[in-house]
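Enquirer: If it helps, the file is called query.cif and holds mmCIF, C-alpha atoms and all ligand atoms:
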```
data_model
loop_
_atom_site.label_atom_id
_atom_site.label_comp_id
_atom_site.auth_asym_id
_atom_site.auth_seq_id
_atom_site.Cartn_x
_atom_site.Cartn_y
_atom_site.Cartn_z
CA MET P 1 67.40 63.98 34.83
CA GLY P 2 69.85 63.04 32.10
CA ALA P 3 70.94 59.50 31.29
CA LEU P 4 73.80 58.29 29.17
CA HIS P 5 73.56 54.82 27.64
CA VAL P 6 76.95 53.63 26.45
CA ARG P 7 76.40 51.00 23.77
CA ARG P 8 78.77 48.18 22.89
CA ALA P 9 80.16 48.24 26.43
CA GLY P 10 80.24 45.36 28.87
CA TRP P 11 82.35 43.53 31.39
CA LEU P 12 84.68 40.58 31.52
CA SER P 13 86.13 38.20 34.06
CA ALA P 14 89.59 39.47 35.00
CA GLN P 15 90.44 36.05 36.41
CA GLN P 16 89.55 34.30 33.15
CA LEU P 17 91.43 36.88 31.10
CA GLY P 18 94.47 36.21 33.30
CA MET P 19 94.17 32.44 32.85
CA TYR P 20 93.81 32.81 29.09
CA LEU P 21 96.92 35.01 28.91
CA LEU P 22 98.86 32.59 31.10
CA GLU P 23 97.94 29.65 28.86
CA GLU P 24 98.95 31.60 25.75
CA ALA P 25 102.23 32.64 27.37
CA ARG P 26 103.01 29.05 28.37
CA ALA P 27 102.24 27.85 24.86
CA ALA P 28 104.75 30.44 23.62
CA GLY P 29 107.45 29.01 25.92
CA VAL P 30 107.08 31.17 29.03
CA ARG P 31 107.92 29.43 32.32
CA LEU P 32 106.09 30.59 35.44
CA LEU P 33 108.09 30.54 38.67
CA ARG P 34 106.25 31.31 41.89
CA GLY P 35 107.89 33.07 44.81
CA ARG P 36 108.04 36.33 46.68
CA VAL P 37 110.85 38.67 45.67
CA VAL P 38 112.49 39.94 48.84
CA LYS P 39 115.56 41.60 47.35
CA ILE P 40 116.74 42.96 44.02
CA ALA P 41 120.49 42.86 43.53
CA HIS P 42 122.06 45.51 41.34
CA SER P 43 125.59 46.57 40.59
CA GLN P 44 127.28 49.91 40.12
CA ASN P 45 129.99 50.29 37.53
CA GLY P 46 131.40 52.89 35.13
CA ASP P 47 128.22 53.17 33.06
CA GLY P 48 125.85 53.35 36.01
CA ARG P 49 123.66 50.88 37.85
CA ARG P 50 122.34 47.63 36.41
CA VAL P 51 120.00 44.93 37.74
CA ARG P 52 121.68 41.59 38.39
CA ALA P 53 119.37 39.21 40.23
CA VAL P 54 116.26 38.76 42.28
CA HIS P 55 116.30 36.95 45.61
CA LEU P 56 113.22 34.97 46.58
CA GLU P 57 111.83 34.37 50.04
CA ASN P 58 112.84 30.69 49.82
CA GLY P 59 116.49 31.72 49.47
CA GLU P 60 116.71 31.16 45.72
CA ARG P 61 118.68 33.69 43.64
CA ILE P 62 117.62 34.17 40.03
CA PRO P 63 120.06 36.08 37.81
CA VAL P 64 118.29 38.53 35.48
CA GLU P 65 119.30 40.77 32.63
CA ARG P 66 115.93 42.45 32.44
CA LEU P 67 113.43 42.86 35.22
CA VAL P 68 109.91 44.29 34.98
CA LEU P 69 108.50 45.67 38.21
CA ALA P 70 104.78 44.93 38.04
CA ALA P 71 104.07 44.38 41.72
CA GLY P 72 100.79 46.30 41.89
CA PRO P 73 100.37 47.76 45.39
CA PHE P 74 103.93 46.77 46.29
CA LEU P 75 105.51 48.65 43.42
CA ARG P 76 106.88 51.41 45.59
CA PRO P 77 108.70 49.26 48.17
CA LEU P 78 110.09 47.05 45.41
CA ALA P 79 111.40 50.04 43.45
CA ALA P 80 112.96 51.32 46.67
CA GLN P 81 115.18 48.23 46.51
CA LEU P 82 116.71 49.83 43.43
CA GLY P 83 117.09 53.16 45.22
CA LEU P 84 114.12 54.59 43.28
CA ASP P 85 111.30 56.61 44.77
CA LEU P 86 108.35 56.16 42.42
CA PRO P 87 105.66 58.86 42.73
CA VAL P 88 102.79 56.53 43.58
CA VAL P 89 100.28 56.15 46.38
CA ALA P 90 97.95 53.26 47.19
CA GLU P 91 94.28 54.00 47.78
CA ARG P 92 92.01 51.45 49.40
CA HIS P 93 88.94 50.50 47.36
CA LEU P 94 86.25 48.10 48.48
CA LYS P 95 83.75 46.02 46.55
CA LEU P 96 80.49 44.43 47.69
CA ALA P 97 78.94 41.23 46.34
CA PHE P 98 75.53 40.13 47.58
CA ASP P 99 72.72 37.71 46.91
CA ASP P 100 70.00 39.93 45.48
CA ARG P 101 67.26 37.70 46.89
CA LEU P 102 64.60 40.37 46.37
CA GLY P 103 65.48 40.89 42.70
CA ALA P 104 66.08 44.63 43.18
CA LEU P 105 68.48 44.67 40.24
CA PRO P 106 66.97 43.35 36.97
CA ARG P 107 69.14 40.50 35.66
CA GLU P 108 69.24 42.10 32.21
CA ALA P 109 70.55 45.41 33.61
CA PRO P 110 73.82 46.77 32.25
CA LEU P 111 76.45 48.30 34.54
CA LEU P 112 74.56 51.16 36.18
CA ILE P 113 76.40 54.21 37.50
CA TRP P 114 74.86 57.05 39.50
CA ALA P 115 76.91 60.03 38.35
CA ASP P 116 75.71 62.68 40.83
CA PRO P 117 76.82 63.35 44.38
CA GLN P 118 74.06 62.54 46.82
CA GLU P 119 72.94 62.79 50.39
CA LEU P 120 71.57 59.59 51.88
CA ASP P 121 68.13 59.42 53.32
CA TRP P 122 68.97 58.45 56.92
CA THR P 123 66.32 58.60 59.64
CA PRO P 124 67.01 61.08 62.47
CA GLU P 125 67.92 58.13 64.75
CA GLU P 126 70.37 56.74 62.19
CA ARG P 127 71.83 60.19 61.69
CA ALA P 128 72.44 60.53 65.42
CA LEU P 129 74.10 57.10 65.49
CA LEU P 130 76.29 57.95 62.51
CA ASP P 131 77.41 61.17 64.12
CA GLU P 132 78.55 59.11 67.09
CA THR P 133 80.61 56.60 65.10
CA GLU P 134 84.29 57.21 64.92
CA THR P 135 84.73 56.65 61.21
CA GLY P 136 85.65 60.31 60.83
CA LEU P 137 83.45 60.29 57.73
CA PRO P 138 80.58 62.70 57.29
CA LEU P 139 78.25 59.91 56.11
CA SER P 140 75.28 62.06 56.94
CA GLY P 141 76.49 64.81 54.58
CA VAL P 142 76.84 64.95 50.79
CA LEU P 143 78.67 61.90 49.45
CA PRO P 144 80.46 61.73 46.12
CA SER P 145 79.10 60.48 42.79
CA GLY P 146 79.78 57.02 41.43
CA ALA P 147 77.61 54.43 43.23
CA HIS P 148 77.46 51.58 40.72
CA THR P 149 76.22 48.04 40.33
CA ARG P 150 75.72 45.19 37.89
CA PRO P 151 74.42 41.64 37.91
CA GLU P 152 77.08 38.97 38.40
CA GLY P 153 76.96 35.46 36.98
CA ARG P 154 74.79 33.82 34.39
CA GLY P 155 71.89 31.39 34.36
CA GLY P 156 70.07 31.33 37.65
CA SER P 157 72.57 33.53 39.50
CA ARG P 158 71.08 36.15 41.83
CA MET P 159 74.42 37.71 42.72
CA ALA P 160 75.12 41.38 42.20
CA VAL P 161 78.26 43.42 42.66
CA ALA P 162 78.17 47.00 43.85
CA LEU P 163 80.79 49.62 44.56
CA TRP P 164 80.85 53.17 45.80
CA GLU P 165 84.09 55.01 46.39
CA TYR P 166 82.84 57.34 49.10
CA ASP P 167 85.91 56.69 51.26
CA THR P 168 89.24 55.84 49.64
CA PRO P 169 92.00 56.41 52.19
CA GLU P 170 95.62 56.36 51.08
CA MET P 171 97.50 53.73 53.05
CA SER P 172 100.45 51.36 53.09
CA PRO P 173 98.99 48.27 51.45
CA VAL P 174 98.26 45.29 53.67
CA PHE P 175 96.29 42.11 52.97
CA PRO P 176 93.61 41.24 53.85
CA VAL P 177 92.42 44.72 53.00
CA PRO P 178 91.08 46.53 56.08
CA GLY P 179 87.30 46.74 55.74
CA ASP P 180 84.58 49.23 56.65
CA ASP P 181 81.67 47.79 58.63
CA LEU P 182 79.22 50.29 57.20
CA TYR P 183 80.21 49.71 53.56
CA PRO P 184 77.41 47.26 52.57
CA GLU P 185 74.67 49.41 54.04
CA VAL P 186 76.00 52.69 52.66
CA VAL P 187 76.47 51.21 49.18
CA LEU P 188 72.96 49.73 49.06
CA ARG P 189 71.51 53.04 50.21
CA GLY P 190 73.56 54.81 47.57
CA LEU P 191 71.88 52.66 44.92
CA GLU P 192 68.35 53.44 46.09
CA ARG P 193 67.95 56.60 44.05
CA MET P 194 68.76 54.71 40.87
CA LEU P 195 67.07 51.46 41.91
CA PRO P 196 64.28 52.26 44.39
CA ALA P 197 63.67 48.51 44.92
CA MET P 198 66.95 48.42 46.90
CA ARG P 199 65.05 50.17 49.68
CA ALA P 200 63.50 46.82 50.56
CA TYR P 201 66.88 45.77 52.01
CA ARG P 202 66.61 48.38 54.74
CA THR P 203 64.75 45.97 57.00
CA ARG P 204 67.15 43.07 56.45
CA LEU P 205 70.45 43.54 54.67
CA PRO P 206 71.60 40.73 52.37
CA ARG P 207 74.62 38.85 53.70
CA PRO P 208 77.49 40.91 52.32
CA ILE P 209 80.76 39.67 50.83
CA VAL P 210 83.16 42.60 50.96
CA ASP P 211 86.61 42.47 49.46
CA GLY P 212 88.80 44.96 47.72
CA GLY P 213 92.28 46.09 46.96
CA TYR P 214 94.25 49.19 46.16
CA TYR P 215 94.32 51.66 43.32
CA VAL P 216 97.99 52.48 42.79
CA LYS P 217 98.08 56.00 41.44
CA THR P 218 100.53 58.57 40.13
CA PRO P 219 99.78 62.27 40.76
CA GLU P 220 97.96 62.61 37.42
CA ASN P 221 96.52 59.07 37.51
CA ARG P 222 98.39 57.89 34.43
CA PRO P 223 100.33 54.62 34.61
CA LEU P 224 104.10 54.13 34.64
CA ILE P 225 105.22 52.09 31.63
CA GLY P 226 108.79 51.89 30.41
CA PRO P 227 112.45 51.76 31.42
CA LEU P 228 113.68 52.89 34.84
CA PRO P 229 116.95 54.72 35.45
CA VAL P 230 118.68 51.44 36.42
CA ALA P 231 119.80 49.53 33.34
CA GLY P 232 117.73 46.42 32.71
CA ALA P 233 114.88 47.55 35.01
CA TYR P 234 111.42 48.39 33.69
CA VAL P 235 108.11 49.22 35.24
CA LEU P 236 104.50 48.45 34.35
CA GLY P 237 102.32 49.73 37.12
CA ALA P 238 100.23 52.46 38.73
CA LEU P 239 97.25 51.19 36.75
CA SER P 240 94.82 52.75 39.20
CA GLY P 241 91.21 51.59 38.76
CA TYR P 242 91.48 50.80 35.05
CA GLY P 243 94.25 48.18 35.04
CA ILE P 244 92.15 45.37 33.58
CA MET P 245 90.88 47.54 30.76
CA ALA P 246 94.34 49.00 30.08
CA SER P 247 96.30 45.78 30.57
CA GLN P 248 96.62 44.75 26.93
CA GLY P 249 97.65 48.17 25.64
CA ALA P 250 100.00 48.66 28.59
CA ALA P 251 101.67 45.30 27.93
CA ASP P 252 102.04 46.09 24.20
CA LEU P 253 103.73 49.37 25.08
CA LEU P 254 106.08 47.71 27.54
CA ALA P 255 106.91 45.01 24.96
CA ALA P 256 107.86 47.75 22.48
CA HIS P 257 110.22 49.26 25.08
CA LEU P 258 111.72 45.83 25.81
CA THR P 259 112.21 44.76 22.21
CA GLY P 260 113.28 48.12 20.79
CA LYS P 261 110.29 48.33 18.44
CA PRO P 262 109.17 51.82 17.36
CA LEU P 263 107.23 53.43 20.19
CA PRO P 264 103.69 54.73 19.65
CA PRO P 265 103.16 58.52 19.88
CA TYR P 266 101.56 58.22 23.35
CA ALA P 267 104.57 56.42 24.90
CA ALA P 268 105.93 59.63 26.44
CA ALA P 269 102.69 60.19 28.38
CA PHE P 270 103.35 57.01 30.37
CA HIS P 271 107.17 57.04 30.51
CA PRO P 272 108.41 57.00 34.13
CA ASP P 273 110.87 59.74 33.19
CA ARG P 274 108.18 62.27 32.36
CA TYR P 275 108.33 64.05 35.73
CA ARG P 276 111.86 65.22 34.99
CA ASP P 277 110.54 67.46 32.21
CA PRO P 278 109.80 70.95 33.66
CA ALA P 279 107.17 71.61 30.96
CA TYR P 280 105.32 68.41 31.97
CA ARG P 281 105.54 69.34 35.65
CA ARG P 282 103.99 72.74 34.86
CA LYS P 283 101.17 71.07 32.96
CA LEU P 284 100.66 68.66 35.82
CA ALA P 285 100.29 71.50 38.29
CA SER P 286 97.45 72.92 36.19
CA TRP P 287 95.44 69.65 36.07
CA ARG P 288 92.98 69.39 38.91
CA GLU P 289 89.68 67.70 38.22
CA GLU P 290 89.47 63.94 38.40
CA TRP P 291 86.59 61.53 38.26
CA GLN P 292 87.08 57.88 38.93
CA LEU P 293 85.03 54.81 39.64
C1 LIG X 1 87.84 47.20 44.11
C2 LIG X 1 88.55 47.30 42.79
C3 LIG X 1 87.81 47.31 41.62
C4 LIG X 1 88.45 47.41 40.39
N1 LIG X 1 87.70 47.40 39.25
C5 LIG X 1 88.30 47.49 38.05
C6 LIG X 1 87.53 47.49 36.85
O1 LIG X 1 86.31 47.40 36.89
N2 LIG X 1 88.18 47.58 35.67
C7 LIG X 1 89.54 47.70 35.60
O2 LIG X 1 90.07 47.80 34.49
N3 LIG X 1 90.30 47.71 36.72
C8 LIG X 1 89.71 47.62 37.94
N4 LIG X 1 90.47 47.65 39.08
C9 LIG X 1 91.91 47.93 38.97
C10 LIG X 1 92.72 46.72 38.63
O3 LIG X 1 92.38 45.64 39.48
C11 LIG X 1 94.21 47.08 38.81
O4 LIG X 1 94.51 48.27 38.10
C12 LIG X 1 95.09 45.96 38.29
O5 LIG X 1 94.83 44.76 38.97
C13 LIG X 1 96.56 46.34 38.48
O6 LIG X 1 97.32 45.32 37.89
P1 LIG X 1 98.83 45.10 38.32
O7 LIG X 1 99.29 43.93 37.52
O8 LIG X 1 99.58 46.39 38.24
O9 LIG X 1 98.77 44.73 39.88
P2 LIG X 1 98.15 43.45 40.59
O10 LIG X 1 96.95 42.95 39.85
O11 LIG X 1 98.00 43.84 42.02
O12 LIG X 1 99.28 42.35 40.45
C14 LIG X 1 100.52 42.50 41.10
C15 LIG X 1 101.11 41.12 41.30
O13 LIG X 1 102.42 41.25 41.84
C16 LIG X 1 102.58 40.28 42.85
N5 LIG X 1 103.63 40.76 43.77
C17 LIG X 1 103.63 41.88 44.53
N6 LIG X 1 104.76 41.97 45.24
C18 LIG X 1 105.51 40.89 44.91
C19 LIG X 1 106.78 40.41 45.33
N7 LIG X 1 107.54 41.06 46.22
N8 LIG X 1 107.23 39.25 44.79
C20 LIG X 1 106.49 38.56 43.86
N9 LIG X 1 105.27 38.97 43.44
C21 LIG X 1 104.79 40.11 43.96
C22 LIG X 1 101.22 40.19 43.51
O14 LIG X 1 101.10 38.97 44.21
C23 LIG X 1 100.31 40.26 42.30
O15 LIG X 1 100.10 38.99 41.74
C24 LIG X 1 89.86 47.53 40.33
C25 LIG X 1 90.61 47.52 41.51
C26 LIG X 1 89.97 47.41 42.73
C27 LIG X 1 90.80 47.41 43.99
#
```
Any chance you could put this one into C-alpha cells?
Expert:
Amino acid sequence: MGALHVRRAGWLSAQQLGMYLLEEARAAGVRLLRGRVVKIAHSQNGDGRRVRAVHLENGERIPVERLVLAAGPFLRPLAAQLGLDLPVVAERHLKLAFDDRLGALPREAPLLIWADPQELDWTPEERALLDETETGLPLSGVLPSGAHTRPEGRGGSRMAVALWEYDTPEMSPVFPVPGDDLYPEVVLRGLERMLPAMRAYRTRLPRPIVDGGYYVKTPENRPLIGPLPVAGAYVLGALSGYGIMASQGAADLLAAHLTGKPLPPYAAAFHPDRYRDPAYRRKLASWREEWQL
C-alpha cells in the first residue's frame, strides 16, 4: 500500500471566507442588492449586441453597463437569456455530515482520501437487496476511488464530514438537491478500508445530515472566466468541485479582464472563447482521463 501525505494543506470555512470578502467589499464601497434576476435586457445595434439591464423578480429594473454572470448551477439558463449556449453541465454531488459518536475518525486526522476503486463488503443478503433496488447503480460491483472524510468543528465537536462521488448524475439543477437514500451507508462503508473503526456503524448508522449541490463543468473541467460575445457581459463560472480553492485567483483574473489590466499567461486557458480555436478543440478531443473529488 502506498500513502501520500500532503503537508501544509488544510481546509477552510467557505461561509466564513464569503463573509470576510463581503465585509471587505462593503468597506471598499460595494453595495449588495438582493434579488433574483429573471431577465437580462440587451440591445442590438450597428456594433453588435450589448447588455442594458437586469430585471429582478420583484419587478425592479437595474440598468447595467457591465454584467458578470456568476450564477453557479444556473449559469447556463442565465446565459441563454443573452442568446448564448455555454458548454456546461451540472453534476449532482452529495455530502454527508454525521455525529461520530463512536470516535471512528481521530479528531487530529487530516483530510483522508481513499484513492483506489473498491468493492464494498456487502453480506449476501444485502447484495440481494441491493440488486433489487431501482437505483440503477451497480452498488455491489466495483465503485470508483475517492471516498474521503475529515473531522469538522473544533473543541469538543464530534462531527465529521464525508463524501464519495460514486454516483454523480448530470441533471437540470433544482433545490433542494434530490438525495440518495443509500448515500450515508455507502459512504461509511467506503471509509471502512481506510478507517476500520467505521465498521462499528454497521449495526446502527449515525443520524445522517445529507446535503449537496452541483459541480458545473465544462468539457475539459476548466472554468469559464472572461468576456462573453455580448458587449458588457462577462462570465465567472463552471468552477466544478474546486470553486472555493480557485475563487481568489478566478476573481483576480476576471478583475484584470474588467479593468483592462495586463492578463496573466494562463488567461487564454479559461477564456470562454477558447472553443472557437480549432487547435484547442483538437487538443480537447485528445484529453480523456479525469480524476475529481
Ligand atoms: C458537495 C460539494 C462539495 C464541494 N467541495 C468543495 C471543496 O472542498 N473545495 C472547493 O474548492 N470547492 C468545493 N465545491 C465546489 C464549490 O462549492 C463550487 O465550485 C463553488 O461554490 C462555485 O461558485 P460559484 O460562485 O460559481 O457558484 P455558487 O456558489 O453556486 O454561487 C452562485 C450564486 O448565484 C446565485 N444565483 C443563481 N441564479 C441567480 C439568479 N437568477 N439571480 C440572482 N442570483 C442568482 C445563487 O443564489 C448563488 O448565490 C464543492 C461543491 C459541492 C456541491
Enquirer: What is the CA of Val161 (chain P) to CA of Arg193 (chain P) distance in Å?
Expert: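 Spanning CA of Val161 (chain P) to CA of Arg193 (chain P) is a straight-line distance of 16.8 Å.
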Enquirer: Could the residues that lie within 9 Å of ligand LIG 1 (chain X), counting only C-alpha atoms and all ligand atoms, be listed as a VMD selection string?
Expert: chain P and resid 11 to 12 14 34 to 39 56 to 57 69 to 75 77 to 78 91 to 96 163 165 211 to 216 236 to 247 293
Enquirer: Between P:Leu139, P:Leu253, P:Met159, P:Ala231, which one has atoms that come closest to Leu182 (chain P), using all atoms listed in the file?
Expert: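 That would be P:Leu139, the residue with the smallest distance to Leu182 (chain P).
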Enquirer: Between CA of Pro144 (chain P) and CA of Trp122 (chain P), what is the spacing in Å?
Expert: 16.1 Å
Enquirer: Which of these, P:Val64, P:Ala160, P:Leu130, P:Ala41, has the shortest distance to Ala104 (chain P) once you count only C-alpha atoms?
Expert: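 The answer is P:Ala160, which sits nearest to Ala104 (chain P).
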Enquirer: Quick one: pull the distance between CA of Arg274 (chain P) and CA of Val230 (chain P), Å, one decimal.
Expert: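 We find that CA of Arg274 (chain P) and CA of Val230 (chain P) lie 15.6 Å from each other.
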Enquirer: Please list as an mmCIF file with C-alpha atoms, keeping the file's coordinate frame every residue within 10 Å of Ala269 (chain P), counting all atoms listed in the file and excluding residues in the same chain fewer than 5 positions away.
Expert:
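After the write, selection.cif holds the following:
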```cif
data_model
loop_
_atom_site.group_PDB
_atom_site.id
_atom_site.type_symbol
_atom_site.label_atom_id
_atom_site.label_comp_id
_atom_site.auth_asym_id
_atom_site.auth_seq_id
_atom_site.Cartn_x
_atom_site.Cartn_y
_atom_site.Cartn_z
ATOM 1 C CA ARG P 222 98.390 57.890 34.430
ATOM 2 C CA PRO P 223 100.330 54.620 34.610
ATOM 3 C CA LEU P 224 104.100 54.130 34.640
ATOM 4 C CA ILE P 225 105.220 52.090 31.630
ATOM 5 C CA ARG P 274 108.180 62.270 32.360
ATOM 6 C CA TYR P 280 105.320 68.410 31.970
#
```
Enquirer: Rank P:Pro219, P:Ile209, P:Leu120, P:Val51 by their smallest atom-to-atom distance to Ala285 (chain P), using only C-alpha atoms, and report the top residue only.
Expert: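 The shortest atom-to-atom distance to Ala285 (chain P) comes from P:Pro219.
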Enquirer: Which of these, P:His271, P:His5, P:Arg282, P:His55, has the shortest distance to Ile113 (chain P) once you count only C-alpha atoms?
Expert: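 Using only C-alpha atoms, the shortest distance to Ile113 (chain P) belongs to P:His5.
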